[in-house]
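Shown next: protein-v3.cif, given as mmCIF, C-alpha atoms.
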```
data_target
#
loop_
_atom_site.label_atom_id
_atom_site.label_comp_id
_atom_site.auth_asym_id
_atom_site.auth_seq_id
_atom_site.Cartn_x
_atom_site.Cartn_y
_atom_site.Cartn_z
CA MET V 290 89.35 99.49 121.01
CA ALA V 291 91.43 96.43 121.59
CA MET V 292 94.70 95.04 122.79
CA ALA V 293 97.86 97.11 122.44
CA LEU V 294 99.99 96.83 119.31
CA LYS V 295 103.04 98.98 118.67
CA PRO V 296 103.99 99.50 115.01
CA ASN V 297 107.13 97.90 113.68
CA PHE V 298 109.74 100.56 114.26
CA PHE V 299 112.82 98.52 113.41
CA CYS V 300 111.80 99.04 109.81
CA LEU V 301 112.53 102.69 110.55
CA LEU V 302 116.23 102.06 110.38
CA GLY V 303 116.38 101.12 106.73
CA SER V 304 120.12 100.63 106.59
CA PRO V 305 122.05 99.49 108.52
CA LYS V 306 119.78 96.90 110.10
CA PRO V 307 119.56 96.54 113.86
CA ARG V 308 122.07 94.36 115.62
CA ASN V 309 119.41 91.76 116.35
CA ASN V 310 118.58 90.15 113.01
CA ASP V 311 115.21 88.86 114.19
CA HIS V 312 113.59 92.21 114.91
CA SER V 313 110.52 91.34 112.89
CA LEU V 314 108.20 93.58 114.88
CA LEU V 315 108.44 95.86 117.85
CA ASN V 316 105.12 94.80 119.30
CA SER V 317 103.98 95.91 122.66
CA CYS V 318 104.21 93.06 125.10
CA ASN V 319 100.43 92.93 125.22
CA PHE V 320 100.29 92.06 121.52
CA VAL V 321 103.07 89.48 121.72
CA ALA V 322 101.42 87.81 124.68
CA ARG V 323 98.37 86.96 122.62
CA ARG V 324 100.00 86.18 119.28
CA ARG V 325 103.61 85.63 118.25
CA SER V 326 102.81 86.66 114.66
CA SER V 327 104.05 89.98 113.33
CA LEU V 328 103.71 92.66 110.75
CA PRO V 329 106.24 92.61 107.93
CA VAL V 330 109.49 94.54 108.00
CA PHE V 331 110.70 96.37 104.92
CA TYR V 332 114.37 97.28 104.57
CA SER V 333 114.76 99.37 101.48
CA ASN V 334 117.29 101.71 99.96
CA GLU V 335 114.89 102.77 97.21
CA PRO V 336 114.02 106.46 96.94
CA HIS V 337 111.10 107.77 98.97
CA LEU V 338 109.81 111.02 100.35
CA SER V 339 111.84 112.37 103.22
CA TYR V 340 110.59 114.22 106.27
CA SER V 341 113.97 114.85 107.89
CA SER V 342 117.30 113.96 106.34
CA SER V 343 119.41 115.23 109.23
CA PRO V 344 122.16 112.68 110.00
CA GLU V 345 122.02 113.72 113.63
CA TYR V 346 118.32 112.96 113.81
CA LEU V 347 118.85 109.60 112.14
CA ASP V 348 121.64 108.63 114.53
CA GLU V 349 119.59 109.66 117.54
CA ALA V 350 116.56 107.73 116.28
CA ARG V 351 118.71 104.62 115.80
CA ARG V 352 119.90 104.95 119.36
CA LEU V 353 116.33 105.20 120.60
CA VAL V 354 115.21 102.17 118.60
CA HIS V 355 118.04 100.04 119.95
CA GLN V 356 116.88 100.74 123.49
CA PHE V 357 114.21 98.09 123.03
CA ASP V 358 114.83 94.35 122.67
CA PRO V 359 111.82 92.38 121.35
CA LYS V 360 113.71 89.10 121.83
CA ILE V 361 113.20 89.16 125.59
CA PRO V 362 110.65 86.47 126.59
CA VAL V 363 107.31 88.14 127.07
CA ARG V 364 107.07 87.18 130.73
CA HIS V 365 110.21 89.21 131.35
CA ALA V 366 109.66 91.94 128.76
CA VAL V 367 108.82 95.60 129.15
CA THR V 368 107.07 98.06 126.89
CA PRO V 369 109.02 100.24 124.43
CA PRO V 370 110.72 103.24 126.04
CA SER V 371 108.87 106.50 126.56
CA SER V 372 111.34 108.27 124.25
CA TRP V 373 109.54 106.66 121.31
CA TYR V 374 106.55 108.80 122.21
CA THR V 375 108.31 112.02 123.07
CA HIS V 376 111.54 112.53 121.10
CA PRO V 377 111.43 114.71 117.94
CA SER V 378 114.01 112.58 116.09
CA PHE V 379 111.89 109.46 116.46
CA TYR V 380 108.82 111.33 115.28
CA SER V 381 110.63 112.59 112.17
CA LEU V 382 111.90 109.17 111.22
CA GLU V 383 108.42 107.67 111.44
CA PHE V 384 107.37 109.62 108.37
CA ASP V 385 110.34 108.49 106.32
CA ARG V 386 110.07 104.83 107.25
CA ILE V 387 106.35 104.32 107.88
CA PHE V 388 103.95 106.91 106.49
CA PHE V 389 105.74 107.57 103.21
CA ARG V 390 105.82 103.87 102.33
CA GLY V 391 102.89 101.71 101.29
CA TRP V 392 99.20 102.54 101.17
CA GLN V 393 97.82 105.12 103.59
CA ALA V 394 94.11 105.76 104.16
CA VAL V 395 93.32 109.46 103.68
CA GLY V 396 89.56 109.72 103.25
CA CYS V 397 86.39 108.16 101.88
CA THR V 398 84.75 108.05 98.47
CA GLU V 399 81.83 110.18 99.73
CA GLN V 400 84.22 113.15 99.61
CA ILE V 401 84.77 112.73 95.86
CA LYS V 402 81.39 111.35 94.89
CA GLU V 403 80.74 113.66 91.94
CA PRO V 404 82.92 114.93 89.07
CA GLY V 405 84.75 118.06 90.15
CA SER V 406 84.68 117.19 93.83
CA PHE V 407 87.94 117.29 95.78
CA PHE V 408 89.44 117.23 99.25
CA THR V 409 92.83 118.22 100.58
CA GLY V 410 95.04 116.95 103.37
CA ARG V 411 98.48 116.97 104.89
CA LEU V 412 100.64 114.11 106.12
CA GLY V 413 103.93 115.22 107.63
CA ASN V 414 105.27 117.82 105.21
CA VAL V 415 103.28 116.50 102.24
CA GLU V 416 100.31 118.57 101.08
CA TYR V 417 97.97 116.63 98.81
CA VAL V 418 94.72 117.02 96.92
CA VAL V 419 92.43 114.20 95.77
CA CYS V 420 89.79 114.85 93.10
CA ARG V 421 87.44 113.20 90.64
CA ASP V 422 87.76 114.58 87.11
CA ASN V 423 85.03 115.02 84.54
CA ASN V 424 85.66 111.54 83.16
CA GLY V 425 85.01 110.02 86.58
CA ASN V 426 88.66 109.19 87.22
CA VAL V 427 90.06 109.67 90.71
CA ASN V 428 93.37 111.54 90.74
CA ALA V 429 95.74 112.68 93.47
CA PHE V 430 98.49 115.29 93.35
CA HIS V 431 100.88 117.20 95.53
CA ASN V 432 98.85 120.29 96.35
CA VAL V 433 101.63 122.67 95.31
CA CYS V 434 101.74 125.04 92.35
CA ARG V 435 104.71 124.31 90.08
CA HIS V 436 105.40 128.05 89.75
CA HIS V 437 106.11 129.55 93.20
CA ALA V 438 104.98 126.70 95.48
CA ALA V 439 101.70 128.17 96.71
CA LEU V 440 99.02 125.74 97.83
CA LEU V 441 96.36 125.38 95.16
CA ALA V 442 93.30 124.14 97.01
CA PHE V 443 91.99 124.28 100.56
CA GLY V 444 89.47 122.16 102.41
CA SER V 445 87.01 120.34 100.19
CA GLY V 446 84.35 121.16 97.62
CA LYS V 447 83.86 121.24 93.86
CA LYS V 448 85.97 122.90 91.17
CA ALA V 449 86.16 122.84 87.39
CA CYS V 450 89.93 123.36 87.66
CA PHE V 451 92.58 124.38 90.17
CA VAL V 452 93.60 128.05 89.95
CA CYS V 453 96.62 129.12 91.98
CA PRO V 454 95.64 132.03 94.24
CA TYR V 455 99.13 133.54 93.88
CA HIS V 456 99.69 134.07 90.12
CA ALA V 457 96.61 132.35 88.61
CA TRP V 458 98.39 129.41 87.03
CA THR V 459 95.57 127.01 86.17
CA TYR V 460 95.54 123.21 86.21
CA SER V 461 92.94 120.72 85.03
CA LEU V 462 91.59 118.02 87.34
CA ASP V 463 93.87 115.54 85.58
CA GLY V 464 96.87 117.61 86.67
CA SER V 465 97.86 119.14 83.34
CA LEU V 466 98.83 122.82 83.19
CA LEU V 467 96.13 124.72 81.29
CA LYS V 468 97.12 128.36 81.65
CA THR V 469 100.05 130.51 82.78
CA THR V 470 100.28 134.26 83.22
CA LYS V 471 102.96 136.69 82.06
CA ILE V 472 105.68 134.24 81.04
CA THR V 473 106.09 135.57 77.52
CA GLY V 474 109.75 135.50 76.57
CA ILE V 475 110.70 132.72 78.99
CA GLN V 476 112.93 130.37 77.03
CA ASN V 477 112.76 126.58 77.08
CA PHE V 478 109.43 126.58 78.89
CA ASN V 479 107.51 123.40 78.11
CA VAL V 480 103.96 123.46 79.41
CA ASN V 481 103.88 119.65 79.43
CA GLU V 482 106.68 119.57 82.00
CA PHE V 483 104.85 121.73 84.54
CA GLY V 484 101.79 119.71 85.39
CA LEU V 485 100.96 118.86 88.99
CA MET V 486 103.11 116.18 90.57
CA PRO V 487 101.02 112.99 90.83
CA ILE V 488 100.53 110.67 93.79
CA LYS V 489 99.39 107.10 93.36
CA VAL V 490 95.76 106.76 94.45
CA ALA V 491 93.44 103.79 94.86
CA ILE V 492 89.99 102.92 96.16
CA TRP V 493 89.18 99.98 98.44
CA GLY V 494 85.55 99.71 99.47
CA PRO V 495 84.48 103.18 100.63
CA PHE V 496 88.05 104.29 101.39
CA VAL V 497 90.54 106.44 99.47
CA LEU V 498 94.19 105.40 99.75
CA LEU V 499 97.42 107.13 98.74
CA ASN V 500 100.91 105.76 98.22
CA PHE V 501 103.59 108.45 98.54
CA GLU V 502 106.52 106.38 97.33
CA LYS V 503 108.19 108.02 94.33
CA GLN V 504 108.92 104.72 92.61
CA VAL V 505 105.22 103.77 92.38
CA LEU V 506 103.76 106.75 90.52
CA SER V 507 102.18 104.55 87.85
CA GLN V 508 98.49 103.90 88.38
CA GLU V 509 98.97 100.33 87.18
CA GLY V 510 98.20 97.79 89.84
CA THR V 511 95.44 99.81 91.51
CA ASN V 512 92.83 97.12 90.95
CA GLU V 513 90.77 96.88 94.14
CA ASN V 514 91.69 93.25 94.79
CA ILE V 515 95.40 93.95 94.34
CA VAL V 516 95.22 97.03 96.53
CA GLY V 517 93.28 95.10 99.15
CA ASP V 518 95.97 92.44 99.28
CA GLU V 519 98.72 95.04 99.53
CA TRP V 520 96.95 97.14 102.17
CA LEU V 521 95.17 94.50 104.22
CA GLY V 522 96.81 91.19 103.37
CA SER V 523 94.66 88.14 104.06
CA ALA V 524 92.28 90.25 106.20
CA SER V 525 90.91 91.90 103.05
CA ASN V 526 88.29 89.23 102.39
CA ILE V 527 87.40 88.95 106.09
CA LEU V 528 86.60 92.66 106.32
CA SER V 529 84.68 92.82 103.06
CA THR V 530 82.50 89.85 104.07
CA ASN V 531 81.78 91.33 107.50
CA GLY V 532 80.03 94.48 106.44
CA VAL V 533 82.98 96.72 105.55
CA ASP V 534 81.72 97.75 102.12
CA CYS V 535 80.04 100.50 100.12
CA SER V 536 76.45 99.58 101.02
CA LEU V 537 76.26 101.93 104.00
CA SER V 538 75.17 105.56 103.88
CA TYR V 539 77.62 108.23 104.90
CA ILE V 540 76.35 110.26 107.87
CA CYS V 541 78.94 112.72 109.16
CA ARG V 542 82.51 113.48 110.21
CA ARG V 543 83.93 114.57 113.56
CA GLU V 544 87.50 115.60 114.31
CA TYR V 545 89.44 115.70 117.56
CA THR V 546 92.82 117.31 118.24
CA ILE V 547 94.47 115.42 121.07
CA GLU V 548 97.55 116.33 123.10
CA CYS V 549 99.29 113.00 122.72
CA ASN V 550 101.64 111.16 120.38
CA TRP V 551 99.73 109.39 117.61
CA LYS V 552 100.90 105.99 118.87
CA VAL V 553 99.34 106.63 122.28
CA PHE V 554 95.93 106.82 120.62
CA CYS V 555 96.63 103.65 118.61
CA ASP V 556 97.82 101.83 121.73
CA ASN V 557 94.66 102.86 123.55
CA TYR V 558 92.50 101.55 120.71
CA LEU V 559 94.31 98.23 120.76
CA ASP V 560 94.06 97.99 124.54
CA GLY V 561 90.27 97.84 124.47
CA GLY V 562 89.78 94.39 125.92
CA TYR V 563 91.75 95.46 128.97
CA HIS V 564 90.55 98.97 129.80
CA VAL V 565 86.92 98.97 128.61
CA PRO V 566 85.36 97.63 131.84
CA TYR V 567 87.20 100.27 133.88
CA ALA V 568 87.23 103.34 131.64
CA HIS V 569 84.09 102.85 129.50
CA LYS V 570 81.43 101.49 131.80
CA GLY V 571 78.62 102.66 129.54
CA LEU V 572 80.09 100.90 126.52
CA ALA V 573 80.97 97.81 128.57
CA SER V 574 77.35 97.43 129.64
CA GLY V 575 76.43 96.63 126.02
CA LEU V 576 79.21 94.08 125.40
CA LYS V 577 79.85 90.52 126.53
CA LEU V 578 83.48 91.17 127.41
CA GLU V 579 84.12 87.50 128.23
CA SER V 580 83.69 86.85 124.47
CA TYR V 581 86.38 89.39 123.51
CA SER V 582 88.90 87.89 121.08
CA THR V 583 91.77 89.14 118.93
CA THR V 584 93.08 87.67 115.68
CA ILE V 585 96.30 88.93 114.12
CA TYR V 586 96.92 89.07 110.37
CA GLU V 587 99.88 90.41 108.39
CA LYS V 588 98.97 94.09 108.67
CA VAL V 589 95.69 94.00 110.56
CA SER V 590 94.54 93.21 114.09
CA ILE V 591 90.86 92.25 114.22
CA GLN V 592 89.10 92.19 117.56
CA SER V 593 85.55 91.01 117.99
CA CYS V 594 83.11 90.94 120.85
CA GLU V 595 79.52 89.83 121.17
CA GLY V 596 76.95 92.43 122.05
CA ILE V 597 74.34 91.98 124.73
CA SER V 598 71.84 93.25 122.17
CA GLU V 599 69.13 94.05 124.66
CA GLN V 600 67.04 96.87 123.33
CA THR V 601 65.87 99.54 125.71
CA GLU V 602 62.25 100.36 126.27
CA ASP V 603 62.43 102.76 123.34
CA ASP V 604 64.02 100.08 121.09
CA PHE V 605 67.42 101.76 120.99
CA ASP V 606 70.26 99.33 120.14
CA ARG V 607 73.44 100.91 118.76
CA LEU V 608 75.91 98.02 119.16
CA GLY V 609 73.89 95.08 117.83
CA SER V 610 74.77 91.42 118.38
CA LYS V 611 78.46 91.64 117.48
CA ALA V 612 81.14 94.30 117.27
CA LEU V 613 84.25 94.10 115.09
CA TYR V 614 87.24 96.40 115.59
CA ALA V 615 89.97 96.34 112.93
CA PHE V 616 93.30 98.14 113.35
CA ILE V 617 95.10 98.60 110.02
CA TYR V 618 98.80 99.39 110.28
CA PRO V 619 99.87 102.02 110.96
CA ASN V 620 97.06 104.48 111.83
CA PHE V 621 93.60 103.49 110.56
CA MET V 622 90.76 101.79 112.41
CA ILE V 623 87.45 100.38 111.20
CA ASN V 624 84.68 99.73 113.71
CA ARG V 625 81.65 97.71 112.58
CA TYR V 626 78.85 97.24 115.08
CA GLY V 627 75.10 96.81 114.65
CA PRO V 628 73.91 99.07 111.83
CA TRP V 629 76.93 101.36 112.23
CA MET V 630 80.45 101.59 110.86
CA ASP V 631 82.84 104.30 111.92
CA THR V 632 86.47 104.83 110.99
CA ASN V 633 89.29 106.51 112.90
CA LEU V 634 92.20 108.06 111.01
CA VAL V 635 95.04 109.17 113.29
CA LEU V 636 97.22 111.94 111.83
CA PRO V 637 100.49 112.88 113.59
CA LEU V 638 100.82 116.62 114.21
CA GLY V 639 103.96 116.54 116.34
CA PRO V 640 105.69 114.39 118.95
CA ARG V 641 102.87 115.10 121.43
CA LYS V 642 99.88 116.01 119.28
CA CYS V 643 97.64 114.23 116.80
CA ARG V 644 94.34 114.72 115.00
CA VAL V 645 91.82 111.89 114.90
CA ILE V 646 89.17 111.97 112.16
CA PHE V 647 85.99 109.95 112.68
CA ASP V 648 83.73 109.18 109.70
CA TYR V 649 80.34 107.61 110.47
CA PHE V 650 78.39 105.30 108.15
CA LEU V 651 74.95 103.76 108.77
CA ASP V 652 72.66 101.12 107.32
CA ALA V 653 70.65 102.82 104.60
CA SER V 654 67.35 101.83 106.24
CA LEU V 655 68.15 104.09 109.21
CA LYS V 656 69.71 107.08 107.45
CA ASP V 657 66.58 109.19 107.94
CA ASP V 658 66.05 108.24 111.59
CA GLN V 659 67.52 111.41 113.05
CA ALA V 660 66.62 110.53 116.63
CA PHE V 661 68.51 107.24 116.39
CA ILE V 662 71.47 108.94 114.73
CA ASP V 663 71.66 111.72 117.33
CA ARG V 664 71.50 109.32 120.26
CA SER V 665 74.09 106.99 118.71
CA LEU V 666 76.50 109.85 118.06
CA GLU V 667 75.98 111.08 121.59
CA ASP V 668 76.99 107.68 122.96
CA SER V 669 79.99 107.55 120.63
CA GLU V 670 81.05 111.05 121.66
CA ARG V 671 81.00 110.00 125.31
CA VAL V 672 83.42 107.15 124.58
CA GLN V 673 85.72 109.46 122.60
CA MET V 674 85.84 111.99 125.42
CA GLU V 675 86.73 109.22 127.87
CA ASP V 676 89.52 108.05 125.56
CA ILE V 677 90.88 111.55 125.05
CA ILE V 678 91.21 112.02 128.80
CA LEU V 679 93.08 108.71 129.03
CA CYS V 680 95.40 109.42 126.08
CA GLU V 681 96.36 112.90 127.22
CA ALA V 682 97.02 111.60 130.74
CA VAL V 683 99.24 108.82 129.35
CA GLN V 684 101.22 111.33 127.27
CA ARG V 685 101.89 113.47 130.33
CA GLY V 686 102.98 110.36 132.20
CA LEU V 687 105.32 109.35 129.38
CA GLU V 688 107.01 112.73 129.70
CA SER V 689 107.58 112.27 133.42
CA PRO V 690 111.26 111.81 134.39
CA VAL V 691 110.38 108.80 136.56
CA TYR V 692 108.87 106.73 133.73
CA SER V 693 110.78 104.91 131.01
CA SER V 694 109.06 101.57 130.36
CA GLY V 695 106.18 99.64 131.86
CA SER V 696 105.24 96.05 132.45
CA CYS V 697 103.31 93.87 130.07
CA TRP V 698 99.82 92.50 130.17
CA LEU V 699 99.61 88.74 129.88
CA GLN V 700 96.35 87.12 128.89
#
```
Show me, as structure tokens, the structure contained in the file I just sent.
Amino acid sequence: MAMALKPNFFCLLGSPKPRNNDHSLLNSCNFVARRRSSLPVFYSNEPHLSYSSSPEYLDEARRLVHQFDPKIPVRHAVTPPSSWYTHPSFYSLEFDRIFFRGWQAVGCTEQIKEPGSFFTGRLGNVEYVVCRDNNGNVNAFHNVCRHHAALLAFGSGKKACFVCPYHAWTYSLDGSLLKTTKITGIQNFNVNEFGLMPIKVAIWGPFVLLNFEKQVLSQEGTNENIVGDEWLGSASNILSTNGVDCSLSYICRREYTIECNWKVFCDNYLDGGYHVPYAHKGLASGLKLESYSTTIYEKVSIQSCEGISEQTEDDFDRLGSKALYAFIYPNFMINRYGPWMDTNLVLPLGPRKCRVIFDYFLDASLKDDQAFIDRSLEDSERVQMEDIILCEAVQRGLESPVYSSGSCWLQ
């Protein structure tokens, strides 16, 4: 949790550009008040996946974007309009201009630890599957049979190959078509042209990333250092030297479906230094909130806070001496505190619904301490429930006819 940061939605427009040529980032006022730096804007006419190509939706989304002026001095500024969190056209355009461009976190390497292991997911209208083949290579594909469009795999697990449940077309874990059924006599059928459609995949630390842009299908350039620079910018080295690495043991996953726009959850996370003492009194009791600080990088906001680190009578100390909270544009969070690391992946499900996936990692020396794990997860669950109540209440308020924009927080 930390100070509020709104993603850069002027990059949604693509072409034409907004009237104001200096729309480098549509930050929330809270973010601008602390730092005048910004995330990069990409204006591109290159081909990319499309969620909604309706001209009417695009025109309406442009109108909504232009309702906000980031040039207003922060002391006079207001937050972006509520329509950004409620209108279907804005939601649709976010996929085209944000999620289908650049690297997106989708999972962790624990899910594809062994040859044959796989997991599936969905982002917008894109169904994908990530797997590790028998040679140890990590591959990603659109999870769609090339025959009659049925989904090939569901959930996660291990497979020797992907067999379509509809007509039994069979694909290897490297995406090639191995077997078809009853196509004898079909002319001009070339088996090499009907493999699974690939998606660019990369690994950084314990995380699996996908890039859905059509023009970057080549796996060249997926070296971890290059990917780190592209995904995290100059924050890459800072995170990797502060305990965000592969040395921790994977513990478990929890998922929450929340009745709010995905940006509401992200805003709440980035508002932590403001709302923690009021909304999370239990968490606040373990932090020195006067030490709370935020540093902004190209694509990452890193917040840190010292822990009180006073063990209880039973030697329970979940937070440790320092907590680090990293928000990675647009929807991924890494929380490193004490012996723990947890990640939050926020997946849009609609204009007023999202799914948040928590993965928990722990120092290997404590992986068998079930009592410590259970108590830590119980404390974490309490914080999540408090945040869910806040986020759902904010969404309902955003939909109220009396609310359009709010005031900023200066600090």
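Of the listed residues V:Asn426, V:Ser465, V:Ser590, V:Thr368, the one whose atoms come nearest to Leu521 of chain V is V:Ser590, with distances taken using all atoms listed in the file.
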>> as a ChimeraX atom specification, please: the residues near Arg543 of chain V (cut-off 12 Å, only C-alpha atoms, same-chain neighbours under 6 positions excluded).
In response: /V:631-634,644-649,666-667,669-670,673
> What residues have an atom no more than 8 Å from (93.1, 108.5, 97.3) in the file's own frame, counting only C-alpha atoms, and can you write them as number ranges by chain?
Replying inline: V: 394-396, 419, 427-429, 489-492, 496-499
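Residue nearest Glu587 of chain V within the list V:Tyr380, V:Phe388, V:Trp520, V:Tyr626: V:Trp520 [criterion: smallest interatomic distance, all atoms listed in the file].
Separating atom CA of Ile488 of chain V from atom CA of Phe430 of chain V is a distance of 5.1 Å.
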> Counting all atoms listed in the file, which of V:Trp551, V:Phe407, V:Phe384, V:Tyr618 gets nearest to Cys450 of chain V?
Replying inline: V:Phe407
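The result of the PyMOL selection byres ((chain V and resi 501) around 6) on the shown file is Phe389, Asn500 and Glu502 of chain V.
Of the listed residues V:Tyr539, V:Gly522, V:Cys697, V:Lys447, the one whose atoms come nearest to Tyr563 of chain V is V:Cys697, with distances taken using all atoms listed in the file.
Distances from V:Lys588, V:Arg625, V:Lys577, V:His569 to Arg671 of chain V were compared using all atoms listed in the file, and the smallest one belongs to V:His569.
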>> To test your reading of the syntax: which residues would the PyMOL selection byres ((chain V and resi 478-481) around 12) return for the file shown? Reply as a count of residues only.
In response: 22
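From atom CA of Ser529 of chain V back to atom CA of Gln659 of chain V, the distance works out to 27.2 Å.
Rounded to one decimal, atom CA of Ser580 of chain V and atom CA of Cys594 of chain V lie 5.5 Å from each other.
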> What lies within 7 Å of Ile591 of chain V using only C-alpha atoms, ignoring chain neighbours under 3 positions off, as a PyMOL selection string?
Replying inline: chain V and resi 583-585+613-616
> Which residues match the PyMOL selection byres ((chain V and resi 682) around 12) in the file above, as a PyMOL selection string?
Replying inline: chain V and resi 547-550+553-554+557+641+675-681+683-689
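The smallest atom-to-atom distance between Ser445 of chain V and any of V:Cys420, V:Leu347, V:Ile662, V:Val589, using all atoms listed in the file, is found for V:Cys420.
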Give me the residues within 6 Å of segment 432-434 of chain V as a PDB file with C-alpha atoms, in the coordinates of the input, counting only C-alpha atoms and dropping any in the same chain fewer than 3 places off.
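Final output, saved to around-v8.pdb:
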```pdb
ATOM      1  CA  GLU V 416     100.310 118.570 101.080  1.00  0.00           C
ATOM      2  CA  TYR V 417      97.970 116.630  98.810  1.00  0.00           C
ATOM      3  CA  VAL V 418      94.720 117.020  96.920  1.00  0.00           C
ATOM      4  CA  ALA V 438     104.980 126.700  95.480  1.00  0.00           C
ATOM      5  CA  ALA V 439     101.700 128.170  96.710  1.00  0.00           C
ATOM      6  CA  LEU V 440      99.020 125.740  97.830  1.00  0.00           C
ATOM      7  CA  LEU V 441      96.360 125.380  95.160  1.00  0.00           C
TER       8      LEU V 441
END
```
I'd like the contact shell of Gly444 of chain V - 8 Å cut-off, all atoms listed in the file, skipping same-chain residues fewer than 6 positions apart - returned as a PDB file with C-alpha atoms, keeping the file's coordinate frame.
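Dumped to out-v7.pdb:
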```
ATOM      1  CA  PHE V 408      89.440 117.230  99.250  1.00  0.00           C
ATOM      2  CA  THR V 409      92.830 118.220 100.580  1.00  0.00           C
ATOM      3  CA  GLY V 410      95.040 116.950 103.370  1.00  0.00           C
TER       4      GLY V 410
END
```
>> Using all atoms listed in the file, list the residues that have an atom at most 6 Å from (82.6, 91.2, 121.9), coordinates as in the file, as an NGL selection string.
In response: :V and (576-578 or 580-581 or 593-596 or 612)
